[in-house]
Each structure stands twice: as structure tokens, then as C-alpha cells.
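J.: One structure, as C-alpha cells, below. Some questions next.
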Amino acid sequence: SSMVEGIWNSSPSVILRISFRRIFPERVFGNRFTIITFLKEATAPICCRTSLIISCSKGGKVTLTGTLQNAKPLERIELIETTGVATLPVANFGTDAKGNFSQTIEIPKNGVYLITYGGSSGFIYLKGGDKVDIKADAVMFPMNMQISGDAKGNTEFLTESQKYSNDYLSKINQSVASKNESEFLKELDKYKKEITAQLDKIADSKKPDSDVKKLSNSELEVTLLRISTQYEAVHG
């Protein structure tokens, strides 16, 4: 496997999982409990290092409203903190007969949350005070999930920026691992500049909060650090 493949397989970031979850269906991601276990084991340490500003921010009340078409009467929507110690949901609620829901929830901190329904999971960025509307078809959840309101810009920015980063880095030529250290560092600097430039364009479009932009930048720094670590391992 390539150096870059080793990076993605070793410990993908929580934010990267957002874009992956939007692209790949349940057969790739597994059920809620599989995802939670993976997040705890593989990503919690990364979150502690890369989202100190966000993870230390106090949460607060958020209002979630929306409609799930084709919702089943006994199925529940769950909201789970991705960086928390416990795996218990922050919220667990159902829909009415028409698939509508409206809940005011206390979140422990600002950050990325796992939202699950019927064994499938997506991600959303929430902060205290947010008022969010979610619309989706329960059969296709979360592939067709549409978010509007306060969480829209932050969630879309994180989704698009990390999808771009993932796509960019997945195309890196494996020969970079054979370069001498000076050339390798030049390549790494090139990756950072090109990715950062695109993330800035996405930020201009999606208007994320400054803390969310910092989180994305920190995730990129950690990813590039992983590439450096892989390079050091190859060259001893």
C-alpha cells in the first residue's frame, strides 16, 4: 500500500468522516455501534489535539426541527457527541405520524455530532444557540440530508473542505516517498499551499465560523504531520 493509503487507513480524522459518510452508503460505514467504536479508538486522540478551541467551547441549547419522509413510527433519531467519553446519545427522539420533529437539546460542547436514524449515520456541526432544520428521506438517510439554518455553513464547509483534502491527497504520486528530505519538504509545502488556497475559496463561499475554519486548518496540519511521519518511517 502507498504512503498516503497508510495515512488514511491508520487514523482518519473525525471531520474527514463527514465527507466519507456523505459519499459511501451503510455497507461501507456499518451501523451506529461500529462507527462509534471506530471513532473512539481511531479518532478521539486526533480530536483532542486538533480541536482544542472547539472541544473546550461550552455548548448550550440547540433547536432541531425537520421532516423525515417515509419515517417509521418506532424508529428514533439519535444525536451523539463524536469526541465524548460516553457512547450514549445526547438526544434520542422520534417523529410524528407525518415524519416531523422538533426538539430543543442541550449539547455539552460545540463541535461535530453524529446523527443516526435506522442504522445509518451522518454528521453535523453544532454550537450552542443554533437553530437547525433538517430534511431527508428516511429510506436514503443520510445521503439526501439537507441542512438549513445556523449549522448549514459550518457543516457544508467542513464537508467540502475535507472532501477536497482527501481527494487531493489520494492522488499524490507514491514516488514522493523516495525523494530526499529537502525535495520531500518542498512537496509537502506545495500540498499545504494548494490545499489551503482551495479551503480559503470554500470558506469564502460557505462563511464558516472562525473556530470551524481553525479546526479545518488544524486537521490539515495533523494530516501533513502524518505524511511526514510516514516518510520518516520509510527512510528510517
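Following the order of the C-alpha cells, first chain is A, next is B, and so on, with residues numbered from 1 inside each chain and ligands from 1 in the order they appear.
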Using only C-alpha atoms, find each residue in region 111-159 of chain A having at least one atom no more than 7 Å away from region 69-73 of chain A; report its shortest atom-to-atom pair and that distance in Å (one decimal), rows by chain then rising number, as a tab-separated table.
T.:
residue	atom	partner	partner_atom	distance
A:Ala136	CA	A:Gln69	CA	6.4
A:Asp137	CA	A:Gln69	CA	4.6
A:Ala138	CA	A:Ala71	CA	5.3
A:Val139	CA	A:Asn70	CA	6.7
J.: Which residues are close to region 130-134 of chain A, i.e. within 12 Å by only C-alpha atoms, leaving aside same-chain residues fewer than 4 positions away? Reply as a VMD selection string.
T.: chain A and resid 59 to 69 77 99 to 107 110 to 111 115 122 to 126 138 141 to 142 144 to 155
J.: So how far away is CA of Lys214 (chain A) from CA of Ile227 (chain A), in Å?
T.: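 A separation of 20.1 Å between them.
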J.: With only C-alpha atoms as the basis for distance, which of A:Lys109, A:Leu79, A:Lys193, A:Leu74 is at the shortest distance from Asp96 (chain A)?
T.: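 Of A:Lys109, A:Leu79, A:Lys193, A:Leu74, the one nearest Asp96 (chain A), counting only C-alpha atoms, is A:Leu74.
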J.: Please extract the residues of region 92-234 of chain A with a backbone DSSP assignment of alpha helix (DSSP H) and present them as a ChimeraX atom specification.
T.: /A:152-170,181-206,210-234
J.: Put those residues in a file: C-alpha atoms, as a tab-separated table (two decimals), in the first residue's frame.
T.:
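This went into selection06.tsv:
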chain	number	residue	atom	x	y	z
A	152	LYS	CA	-25.61	24.90	7.29
A	153	GLY	CA	-22.46	26.92	6.55
A	154	ASN	CA	-20.25	25.21	9.13
A	155	THR	CA	-21.31	21.70	8.19
A	156	GLU	CA	-21.05	22.28	4.45
A	157	PHE	CA	-17.66	23.95	4.82
A	158	LEU	CA	-16.25	21.03	6.80
A	159	THR	CA	-17.77	18.50	4.42
A	160	GLU	CA	-16.50	20.15	1.25
A	161	SER	CA	-13.08	21.17	2.58
A	162	GLN	CA	-12.24	17.73	3.87
A	163	LYS	CA	-13.57	16.01	0.77
A	164	TYR	CA	-11.26	18.22	-1.29
A	165	SER	CA	-8.30	17.47	1.00
A	166	ASN	CA	-9.00	13.76	0.79
A	167	ASP	CA	-9.33	13.80	-3.00
A	168	TYR	CA	-6.16	15.87	-3.36
A	169	LEU	CA	-4.02	13.69	-1.12
A	170	SER	CA	-5.36	10.44	-2.59
A	181	GLU	CA	14.34	15.16	2.60
A	182	SER	CA	14.73	18.62	1.04
A	183	GLU	CA	12.64	17.71	-2.01
A	184	PHE	CA	10.07	15.95	0.16
A	185	LEU	CA	9.63	19.03	2.37
A	186	LYS	CA	9.16	21.19	-0.74
A	187	GLU	CA	6.44	18.80	-1.91
A	188	LEU	CA	4.78	18.93	1.50
A	189	ASP	CA	4.82	22.72	1.45
A	190	LYS	CA	3.29	22.66	-2.03
A	191	TYR	CA	0.48	20.38	-0.80
A	192	LYS	CA	-0.23	22.71	2.09
A	193	LYS	CA	-0.32	25.85	-0.06
A	194	GLU	CA	-2.56	24.33	-2.73
A	195	ILE	CA	-4.99	22.75	-0.29
A	196	THR	CA	-5.13	25.86	1.89
A	197	ALA	CA	-5.86	28.04	-1.13
A	198	GLN	CA	-8.85	25.87	-2.05
A	199	LEU	CA	-10.07	25.74	1.56
A	200	ASP	CA	-9.99	29.54	1.61
A	201	LYS	CA	-12.18	29.60	-1.50
A	202	ILE	CA	-14.64	27.20	0.12
A	203	ALA	CA	-14.65	29.35	3.25
A	204	ASP	CA	-15.41	32.44	1.18
A	205	SER	CA	-18.44	30.63	-0.21
A	206	LYS	CA	-19.74	28.86	2.93
A	210	SER	CA	-13.69	31.30	12.69
A	211	ASP	CA	-13.41	28.36	15.11
A	212	VAL	CA	-14.57	25.97	12.40
A	213	LYS	CA	-12.03	27.37	9.95
A	214	LYS	CA	-9.33	26.88	12.59
A	215	LEU	CA	-10.47	23.29	13.08
A	216	SER	CA	-10.14	22.60	9.36
A	217	ASN	CA	-6.67	24.15	9.27
A	218	SER	CA	-5.63	22.09	12.29
A	219	GLU	CA	-6.91	18.91	10.67
A	220	LEU	CA	-4.79	19.66	7.61
A	221	GLU	CA	-1.72	20.27	9.77
A	222	VAL	CA	-2.18	16.92	11.51
A	223	THR	CA	-2.70	15.13	8.20
A	224	LEU	CA	0.52	16.60	6.80
A	225	LEU	CA	2.28	15.64	10.00
A	226	ARG	CA	1.13	12.06	9.43
A	227	ILE	CA	2.63	12.16	5.94
A	228	SER	CA	5.93	13.34	7.45
A	229	THR	CA	5.78	10.54	9.99
A	230	GLN	CA	5.19	8.00	7.23
A	231	TYR	CA	8.15	9.43	5.32
A	232	GLU	CA	10.40	9.11	8.37
A	233	ALA	CA	9.28	5.52	8.84
A	234	VAL	CA	10.12	4.68	5.21
